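One file, final.pdb, is given below (PDB, C-alpha atoms).
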ATOM      1  CA  MET A   1      -9.595  12.295  15.459
ATOM      2  CA  ILE A   2      -7.447  10.038  13.291
ATOM      3  CA  ASP A   3      -3.666  10.424  13.193
ATOM      4  CA  ILE A   4      -1.403   9.157  10.403
ATOM      5  CA  ARG A   5       2.136   8.290  11.483
ATOM      6  CA  PRO A   6       5.054   6.079  10.419
ATOM      7  CA  ALA A   7       4.676   2.418  11.338
ATOM      8  CA  GLN A   8       6.890   1.270  14.191
ATOM      9  CA  VAL A   9       8.030  -2.189  15.230
ATOM     10  CA  ALA A  10       5.536  -2.093  18.114
ATOM     11  CA  ASP A  11       2.720  -1.670  15.522
ATOM     12  CA  LEU A  12       3.495  -4.730  13.433
ATOM     13  CA  GLN A  13       1.271  -7.194  15.291
ATOM     14  CA  SER A  14      -1.662  -4.767  14.993
ATOM     15  CA  ILE A  15      -0.916  -4.296  11.291
ATOM     16  CA  GLN A  16      -1.071  -8.060  10.829
ATOM     17  CA  GLN A  17      -4.373  -8.200  12.739
ATOM     18  CA  ALA A  18      -5.823  -5.421  10.543
ATOM     19  CA  ASN A  19      -4.632  -7.308   7.459
ATOM     20  CA  ILE A  20      -6.337 -10.519   8.576
ATOM     21  CA  ALA A  21      -9.552  -8.733   9.582
ATOM     22  CA  ASN A  22      -9.928  -6.714   6.383
ATOM     23  CA  LEU A  23      -8.335  -8.499   3.435
ATOM     24  CA  PRO A  24      -8.501 -11.953   1.864
ATOM     25  CA  GLU A  25      -4.729 -11.807   1.147
ATOM     26  CA  ASN A  26      -2.925 -12.298   4.429
ATOM     27  CA  TYR A  27       0.751 -11.862   5.180
ATOM     28  CA  VAL A  28       2.799 -13.705   7.771
ATOM     29  CA  PHE A  29       4.333 -11.595  10.517
ATOM     30  CA  LYS A  30       7.842 -12.162   9.142
ATOM     31  CA  PHE A  31       6.837 -10.521   5.836
ATOM     32  CA  ILE A  32       5.467  -7.431   7.607
ATOM     33  CA  LEU A  33       8.618  -7.250   9.768
ATOM     34  CA  TYR A  34      10.760  -7.505   6.610
ATOM     35  CA  HIS A  35       8.948  -4.474   5.164
ATOM     36  CA  ASN A  36       9.559  -2.458   8.319
ATOM     37  CA  ILE A  37      13.240  -3.376   8.558
ATOM     38  CA  SER A  38      13.996  -2.952   4.848
ATOM     39  CA  TRP A  39      11.954   0.188   4.068
ATOM     40  CA  PRO A  40      11.106   1.850   7.407
ATOM     41  CA  GLN A  41       9.922   5.060   5.712
ATOM     42  CA  GLY A  42       7.458   3.294   3.406
ATOM     43  CA  SER A  43       4.777   2.136   5.839
ATOM     44  CA  PHE A  44       2.268   4.146   7.839
ATOM     45  CA  VAL A  45      -0.576   3.526  10.254
ATOM     46  CA  ALA A  46      -3.814   5.363  11.019
ATOM     47  CA  THR A  47      -4.635   5.488  14.723
ATOM     48  CA  ASN A  48      -7.817   6.558  16.485
ATOM     49  CA  SER A  49      -8.102   8.652  19.668
ATOM     50  CA  ASP A  50      -7.431   5.516  21.757
ATOM     51  CA  ASN A  51      -4.186   4.973  19.795
ATOM     52  CA  GLN A  52      -5.614   1.817  18.192
ATOM     53  CA  ILE A  53      -4.510   1.057  14.638
ATOM     54  CA  VAL A  54      -7.512   1.362  12.330
ATOM     55  CA  GLY A  55      -5.647   1.261   9.019
ATOM     56  CA  TYR A  56      -2.227   0.796   7.477
ATOM     57  CA  VAL A  57      -0.245   0.923   4.268
ATOM     58  CA  LEU A  58       2.847  -1.148   3.473
ATOM     59  CA  GLY A  59       5.110   0.482   0.891
ATOM     60  CA  LYS A  60       8.473  -0.698  -0.377
ATOM     61  CA  MET A  61      11.072  -0.157  -3.034
ATOM     62  CA  GLU A  62      11.441  -2.731  -5.775
ATOM     63  CA  ASP A  63      14.641  -4.642  -5.105
ATOM     64  CA  ASP A  64      15.016  -6.270  -8.484
ATOM     65  CA  GLU A  65      16.182  -4.612 -11.700
ATOM     66  CA  ALA A  66      13.419  -6.351 -13.669
ATOM     67  CA  GLU A  67      10.805  -4.885 -11.323
ATOM     68  CA  ASN A  68      12.176  -1.371 -11.891
ATOM     69  CA  GLY A  69      11.001  -1.470 -15.475
ATOM     70  CA  LYS A  70      12.558  -1.033 -18.876
ATOM     71  CA  ASP A  71      12.964   2.719 -18.404
ATOM     72  CA  ASN A  72      15.252   2.173 -15.380
ATOM     73  CA  ARG A  73      13.180   4.378 -13.090
ATOM     74  CA  LEU A  74      13.497   3.725  -9.373
ATOM     75  CA  SER A  75      10.202   2.047  -8.618
ATOM     76  CA  ALA A  76       8.248   1.559  -5.425
ATOM     77  CA  HIS A  77       5.338  -0.766  -4.757
ATOM     78  CA  ILE A  78       2.343  -0.573  -2.443
ATOM     79  CA  THR A  79       2.138  -4.094  -1.076
ATOM     80  CA  SER A  80      -0.980  -3.730   1.040
ATOM     81  CA  ILE A  81      -3.418  -1.164   2.345
ATOM     82  CA  ALA A  82      -6.413  -1.706   4.601
ATOM     83  CA  VAL A  83      -8.810   0.370   6.674
ATOM     84  CA  ASN A  84     -11.133  -1.157   9.260
ATOM     85  CA  ARG A  85     -14.728  -1.216   8.010
ATOM     86  CA  GLU A  86     -16.081   1.230  10.601
ATOM     87  CA  TYR A  87     -13.458   3.813   9.552
ATOM     88  CA  ARG A  88     -13.982   3.623   5.794
ATOM     89  CA  ARG A  89     -15.321   6.500   3.702
ATOM     90  CA  GLN A  90     -13.418   9.036   5.802
ATOM     91  CA  GLY A  91     -10.499   9.486   3.405
ATOM     92  CA  LEU A  92      -8.079   7.375   5.446
ATOM     93  CA  ALA A  93      -6.925   5.187   2.553
ATOM     94  CA  ARG A  94      -6.177   8.307   0.511
ATOM     95  CA  ARG A  95      -4.276   9.920   3.399
ATOM     96  CA  LEU A  96      -2.281   6.749   4.089
ATOM     97  CA  LEU A  97      -1.352   6.384   0.424
ATOM     98  CA  GLN A  98      -0.454  10.041   0.005
ATOM     99  CA  GLN A  99       1.859   9.873   3.009
ATOM    100  CA  SER A 100       3.513   6.665   1.795
ATOM    101  CA  LEU A 101       3.991   7.992  -1.755
ATOM    102  CA  LYS A 102       5.482  11.244  -0.462
ATOM    103  CA  SER A 103       7.846   9.398   1.852
ATOM    104  CA  LEU A 104       8.931   6.866  -0.794
ATOM    105  CA  ARG A 105       9.745   9.775  -3.113
ATOM    106  CA  GLU A 106      11.580  11.854  -0.485
ATOM    107  CA  ASN A 107      13.456   9.074   1.315
ATOM    108  CA  TYR A 108      14.187   6.565  -1.459
ATOM    109  CA  ARG A 109      13.990   8.804  -4.557
ATOM    110  CA  ALA A 110      11.199   6.639  -6.012
ATOM    111  CA  GLU A 111      10.181   7.885  -9.439
ATOM    112  CA  ALA A 112       7.199   5.590  -9.943
ATOM    113  CA  VAL A 113       4.966   3.402  -7.815
ATOM    114  CA  SER A 114       2.879   0.366  -8.670
ATOM    115  CA  LEU A 115       0.089  -1.546  -6.996
ATOM    116  CA  HIS A 116      -2.476  -4.235  -7.723
ATOM    117  CA  VAL A 117      -6.184  -4.017  -7.061
ATOM    118  CA  ARG A 118      -8.875  -6.654  -7.385
ATOM    119  CA  GLU A 119     -10.997  -6.234 -10.497
ATOM    120  CA  SER A 120     -14.106  -6.376  -8.283
ATOM    121  CA  ASN A 121     -12.895  -3.657  -5.872
ATOM    122  CA  GLN A 122     -14.334  -0.699  -7.733
ATOM    123  CA  ALA A 123     -14.144   1.684  -4.754
ATOM    124  CA  ALA A 124     -10.387   1.170  -4.447
ATOM    125  CA  PHE A 125      -9.939   1.239  -8.226
ATOM    126  CA  LYS A 126     -11.701   4.619  -8.451
ATOM    127  CA  LEU A 127      -9.628   6.012  -5.580
ATOM    128  CA  TYR A 128      -6.384   4.951  -7.228
ATOM    129  CA  ARG A 129      -7.342   6.069 -10.750
ATOM    130  CA  ASP A 130      -9.536   9.119 -10.192
ATOM    131  CA  GLY A 131      -8.349  10.304  -6.790
ATOM    132  CA  LEU A 132      -4.621   9.625  -6.923
ATOM    133  CA  GLY A 133      -3.761   9.511 -10.630
ATOM    134  CA  PHE A 134      -2.744   5.883 -11.077
ATOM    135  CA  GLU A 135      -3.056   4.459 -14.582
ATOM    136  CA  VAL A 136      -3.942   0.909 -15.557
ATOM    137  CA  LYS A 137      -0.880  -0.828 -16.930
ATOM    138  CA  GLU A 138      -2.551  -4.180 -17.567
ATOM    139  CA  LEU A 139      -5.123  -6.653 -16.331
ATOM    140  CA  THR A 140      -3.271  -9.544 -14.706
ATOM    141  CA  LYS A 141      -5.271 -12.758 -15.014
ATOM    142  CA  SER A 142      -5.691 -14.887 -11.867
ATOM    143  CA  TYR A 143      -3.360 -12.649  -9.851
ATOM    144  CA  TYR A 144      -4.948 -13.493  -6.516
ATOM    145  CA  ALA A 145      -4.907 -16.911  -4.823
ATOM    146  CA  ASP A 146      -8.674 -17.256  -5.315
ATOM    147  CA  GLY A 147      -8.249 -16.754  -9.072
ATOM    148  CA  GLU A 148      -9.565 -13.189  -9.303
ATOM    149  CA  ASP A 149      -7.922 -10.893 -11.826
ATOM    150  CA  ALA A 150      -6.119  -7.722 -10.756
ATOM    151  CA  TYR A 151      -5.520  -4.387 -12.358
ATOM    152  CA  SER A 152      -1.799  -3.625 -12.325
ATOM    153  CA  MET A 153      -1.596   0.127 -11.862
ATOM    154  CA  VAL A 154       1.271   2.611 -11.934
ATOM    155  CA  LYS A 155       1.806   6.245 -11.063
ATOM    156  CA  THR A 156       4.735   8.523 -11.856
ATOM    157  CA  LEU A 157       5.908  10.393  -8.778
ATOM    158  CA  THR A 158       6.959  14.011  -9.076
ATOM    159  CA  ASP A 159       8.306  16.554  -6.619
TER     160      ASP A 159
END

In structure tokens, how does this file's structure come out?
Amino acid sequence: MIDIRPAQVADLQSIQQANIANLPENYVFKFILYHNISWPQGSFVATNSDNQIVGYVLGKMEDDEAENGKDNRLSAHITSIAVNREYRRQGLARRLLQQSLKSLRENYRAEAVSLHVRESNQAAFKLYRDGLGFEVKELTKSYYADGEDAYSMVKTLTD
């Protein structure tokens, strides 16, 4: 059985390890700690029956007026999400995102949330668009360090 719960300081090293193992974009520990300290209700982990972290989501509020958009909505951002390969296709990414979006709305009054997804990651793109209702805002050229383009996506959050 997989449990979804808020990320805790004790989880941060395991979150970093999951990030390194599953994604080409890696974050230094200080960045993950900053997320946890600044927006403690935005990040969640998925744990297996042995209490090992098998997935995570890092969510945050935008701290810059320009990032909140021209319509002045309070905006959140999903910085990173990953699920270990052997736990994929079980709905964990969806559950992690749903929990983060709900918490960002309830705890920080977020009205919209954005994220980026690699153009080549069609499974994630379909989850975000078809499964969770994100819309493509634009295609950002060379967004990733390796030069791959990213879809910039946004979703309006409602009660």

Looking at all atoms listed in the file, which of A:Thr156, A:Gln90, A:Ser49, A:Asn36 is the one that sits closest to A:Leu12?
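Answer, going by the shortest atom-to-atom distance: A:Asn36.
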
In Å, how far is it from atom CA of A:Ser114 to atom CA of A:Phe134?
8.2 Å

What gap, in Å, lies between atom CA of A:Arg95 and atom CA of A:Arg73?
24.6 Å

What does the distance from atom CA of A:Glu119 to atom CA of A:Ile20 come to in Å, to one decimal?
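According to the coordinates, atom CA of A:Glu119 and atom CA of A:Ile20 are separated by 20.1 Å.
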
Expand the PyMOL selection byres ((chain A and resi 84) around 10) into the explicit residue set it covers here, and present it as a PyMOL selection string.
chain A and resi 18-19+21-23+46+53-56+82-83+85-88+92

Please evaluate the PyMOL selection byres ((chain A and resi 108) around 12) against the displayed coordinates and give the resulting residues as a compact mmCIF listing (two decimals) with C-alpha atoms, in the frame of the given file.
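This is the output file part_37.txt:
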# COMPACT_ATOMS: atom_id res chain seq x y z
CA SER A 38 14.00 -2.95 4.85
CA TRP A 39 11.95 0.19 4.07
CA PRO A 40 11.11 1.85 7.41
CA GLN A 41 9.92 5.06 5.71
CA GLY A 42 7.46 3.29 3.41
CA GLY A 59 5.11 0.48 0.89
CA LYS A 60 8.47 -0.70 -0.38
CA MET A 61 11.07 -0.16 -3.03
CA GLU A 62 11.44 -2.73 -5.78
CA ASP A 63 14.64 -4.64 -5.11
CA ARG A 73 13.18 4.38 -13.09
CA LEU A 74 13.50 3.72 -9.37
CA SER A 75 10.20 2.05 -8.62
CA ALA A 76 8.25 1.56 -5.42
CA HIS A 77 5.34 -0.77 -4.76
CA SER A 100 3.51 6.66 1.80
CA LEU A 101 3.99 7.99 -1.76
CA LYS A 102 5.48 11.24 -0.46
CA SER A 103 7.85 9.40 1.85
CA LEU A 104 8.93 6.87 -0.79
CA ARG A 105 9.74 9.78 -3.11
CA GLU A 106 11.58 11.85 -0.48
CA ASN A 107 13.46 9.07 1.32
CA ARG A 109 13.99 8.80 -4.56
CA ALA A 110 11.20 6.64 -6.01
CA GLU A 111 10.18 7.88 -9.44
CA ALA A 112 7.20 5.59 -9.94
CA VAL A 113 4.97 3.40 -7.82
CA LEU A 157 5.91 10.39 -8.78

What's around A:Asp146 at 12 Å? Count only C-alpha atoms, leave out sequence neighbours fewer than 5 positions away in its own chain, and write the answer as a count of residues only.
4

Taking into account only C-alpha atoms, which residue in the set A:Leu96, A:Ala123, A:Val117, A:Val45 is nearest to A:Glu135?
A:Val117

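Comparing the minimum interatomic distances between A:Leu132 and each of A:Gly147, A:Gln98, A:Val9, A:Lys30, counting only C-alpha atoms, we find that A:Gln98 sits nearest.
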
Quick one: axis-aligned box around all listed atoms of stretch 137-146 of chain A, 3 Å on every side, centre and edge lengths in Å to one decimal, written as lines of an AutoDock Vina configuration file.
center_x = -4.8
center_y = -9.0
center_z = -11.2
size_x = 13.8
size_y = 22.4
size_z = 18.7

Taking the file as shown, what set of residues would the PyMOL selection byres ((chain A and resi 125) around 12) give back, as a VMD selection string?
chain A and resid 93 to 94 115 to 124 126 to 136 150 to 154

Counting only C-alpha atoms, figure out which residue out of A:His35, A:Arg5, A:Lys137, A:Lys155 gets nearest to A:Asn51.
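Under the stated criterion, the closest residue is A:Arg5.
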
Among listed residues A:Thr79, A:Ser14, A:Gly91, A:Ser43, nearest A:Ile2 (using only C-alpha atoms)
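Nearest candidate to A:Ile2 out of A:Thr79, A:Ser14, A:Gly91, A:Ser43: A:Gly91.
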
Which is closer to A:Gln8 than all the others in A:Arg89, A:Leu97, A:Leu58, A:Ile78, using only C-alpha atoms?
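Nearest candidate to A:Gln8 out of A:Arg89, A:Leu97, A:Leu58, A:Ile78: A:Leu58.
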
Residue rebuild result stretch 108-131 of chain A, N, CA and C atoms as a PDB file, in the frame of the given file:
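After the write, out.pdb holds the following:
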ATOM      1  N   TYR A 108      13.558   7.585  -0.616  1.00  0.00           N
ATOM      2  CA  TYR A 108      14.187   6.565  -1.459  1.00  0.00           C
ATOM      3  C   TYR A 108      14.342   7.013  -2.911  1.00  0.00           C
ATOM      4  N   ARG A 109      13.926   8.245  -3.206  1.00  0.00           N
ATOM      5  CA  ARG A 109      13.990   8.804  -4.557  1.00  0.00           C
ATOM      6  C   ARG A 109      13.163   8.013  -5.567  1.00  0.00           C
ATOM      7  N   ALA A 110      12.079   7.396  -5.109  1.00  0.00           N
ATOM      8  CA  ALA A 110      11.199   6.639  -6.012  1.00  0.00           C
ATOM      9  C   ALA A 110      10.658   7.581  -7.087  1.00  0.00           C
ATOM     10  N   GLU A 111      10.677   7.098  -8.309  1.00  0.00           N
ATOM     11  CA  GLU A 111      10.181   7.885  -9.439  1.00  0.00           C
ATOM     12  C   GLU A 111       8.829   7.394  -9.936  1.00  0.00           C
ATOM     13  N   ALA A 112       8.480   6.176  -9.560  1.00  0.00           N
ATOM     14  CA  ALA A 112       7.199   5.590  -9.943  1.00  0.00           C
ATOM     15  C   ALA A 112       6.780   4.628  -8.847  1.00  0.00           C
ATOM     16  N   VAL A 113       5.489   4.362  -8.793  1.00  0.00           N
ATOM     17  CA  VAL A 113       4.966   3.402  -7.815  1.00  0.00           C
ATOM     18  C   VAL A 113       3.903   2.556  -8.489  1.00  0.00           C
ATOM     19  N   SER A 114       3.867   1.284  -8.108  1.00  0.00           N
ATOM     20  CA  SER A 114       2.879   0.366  -8.670  1.00  0.00           C
ATOM     21  C   SER A 114       2.049  -0.236  -7.540  1.00  0.00           C
ATOM     22  N   LEU A 115       0.926  -0.793  -7.926  1.00  0.00           N
ATOM     23  CA  LEU A 115       0.089  -1.546  -6.996  1.00  0.00           C
ATOM     24  C   LEU A 115      -0.835  -2.432  -7.804  1.00  0.00           C
ATOM     25  N   HIS A 116      -1.465  -3.370  -7.118  1.00  0.00           N
ATOM     26  CA  HIS A 116      -2.476  -4.235  -7.723  1.00  0.00           C
ATOM     27  C   HIS A 116      -3.776  -4.044  -6.961  1.00  0.00           C
ATOM     28  N   VAL A 117      -4.870  -4.126  -7.686  1.00  0.00           N
ATOM     29  CA  VAL A 117      -6.184  -4.017  -7.061  1.00  0.00           C
ATOM     30  C   VAL A 117      -7.110  -5.036  -7.714  1.00  0.00           C
ATOM     31  N   ARG A 118      -7.914  -5.673  -6.873  1.00  0.00           N
ATOM     32  CA  ARG A 118      -8.875  -6.654  -7.385  1.00  0.00           C
ATOM     33  C   ARG A 118      -9.795  -5.995  -8.410  1.00  0.00           C
ATOM     34  N   GLU A 119     -10.097  -6.739  -9.459  1.00  0.00           N
ATOM     35  CA  GLU A 119     -10.997  -6.234 -10.497  1.00  0.00           C
ATOM     36  C   GLU A 119     -12.360  -5.880  -9.901  1.00  0.00           C
ATOM     37  N   SER A 120     -12.797  -6.618  -8.892  1.00  0.00           N
ATOM     38  CA  SER A 120     -14.106  -6.376  -8.283  1.00  0.00           C
ATOM     39  C   SER A 120     -14.115  -5.219  -7.287  1.00  0.00           C
ATOM     40  N   ASN A 121     -12.958  -4.715  -6.883  1.00  0.00           N
ATOM     41  CA  ASN A 121     -12.895  -3.657  -5.872  1.00  0.00           C
ATOM     42  C   ASN A 121     -12.964  -2.286  -6.542  1.00  0.00           C
ATOM     43  N   GLN A 122     -14.155  -1.937  -6.984  1.00  0.00           N
ATOM     44  CA  GLN A 122     -14.334  -0.699  -7.733  1.00  0.00           C
ATOM     45  C   GLN A 122     -14.105   0.553  -6.901  1.00  0.00           C
ATOM     46  N   ALA A 123     -14.392   0.512  -5.608  1.00  0.00           N
ATOM     47  CA  ALA A 123     -14.144   1.684  -4.754  1.00  0.00           C
ATOM     48  C   ALA A 123     -12.650   1.986  -4.703  1.00  0.00           C
ATOM     49  N   ALA A 124     -11.836   0.966  -4.487  1.00  0.00           N
ATOM     50  CA  ALA A 124     -10.387   1.170  -4.447  1.00  0.00           C
ATOM     51  C   ALA A 124      -9.866   1.570  -5.821  1.00  0.00           C
ATOM     52  N   PHE A 125     -10.370   0.913  -6.872  1.00  0.00           N
ATOM     53  CA  PHE A 125      -9.939   1.239  -8.226  1.00  0.00           C
ATOM     54  C   PHE A 125     -10.185   2.721  -8.536  1.00  0.00           C
ATOM     55  N   LYS A 126     -11.373   3.206  -8.190  1.00  0.00           N
ATOM     56  CA  LYS A 126     -11.701   4.619  -8.451  1.00  0.00           C
ATOM     57  C   LYS A 126     -10.817   5.552  -7.630  1.00  0.00           C
ATOM     58  N   LEU A 127     -10.529   5.189  -6.391  1.00  0.00           N
ATOM     59  CA  LEU A 127      -9.628   6.012  -5.580  1.00  0.00           C
ATOM     60  C   LEU A 127      -8.261   6.103  -6.244  1.00  0.00           C
ATOM     61  N   TYR A 128      -7.715   4.961  -6.639  1.00  0.00           N
ATOM     62  CA  TYR A 128      -6.384   4.951  -7.228  1.00  0.00           C
ATOM     63  C   TYR A 128      -6.353   5.708  -8.554  1.00  0.00           C
ATOM     64  N   ARG A 129      -7.331   5.449  -9.422  1.00  0.00           N
ATOM     65  CA  ARG A 129      -7.342   6.069 -10.750  1.00  0.00           C
ATOM     66  C   ARG A 129      -7.777   7.531 -10.693  1.00  0.00           C
ATOM     67  N   ASP A 130      -8.963   7.774 -10.140  1.00  0.00           N
ATOM     68  CA  ASP A 130      -9.536   9.119 -10.192  1.00  0.00           C
ATOM     69  C   ASP A 130      -9.020  10.036  -9.089  1.00  0.00           C
ATOM     70  N   GLY A 131      -8.764   9.477  -7.919  1.00  0.00           N
ATOM     71  CA  GLY A 131      -8.349  10.304  -6.790  1.00  0.00           C
ATOM     72  C   GLY A 131      -6.859  10.511  -6.661  1.00  0.00           C
TER      73      GLY A 131
END
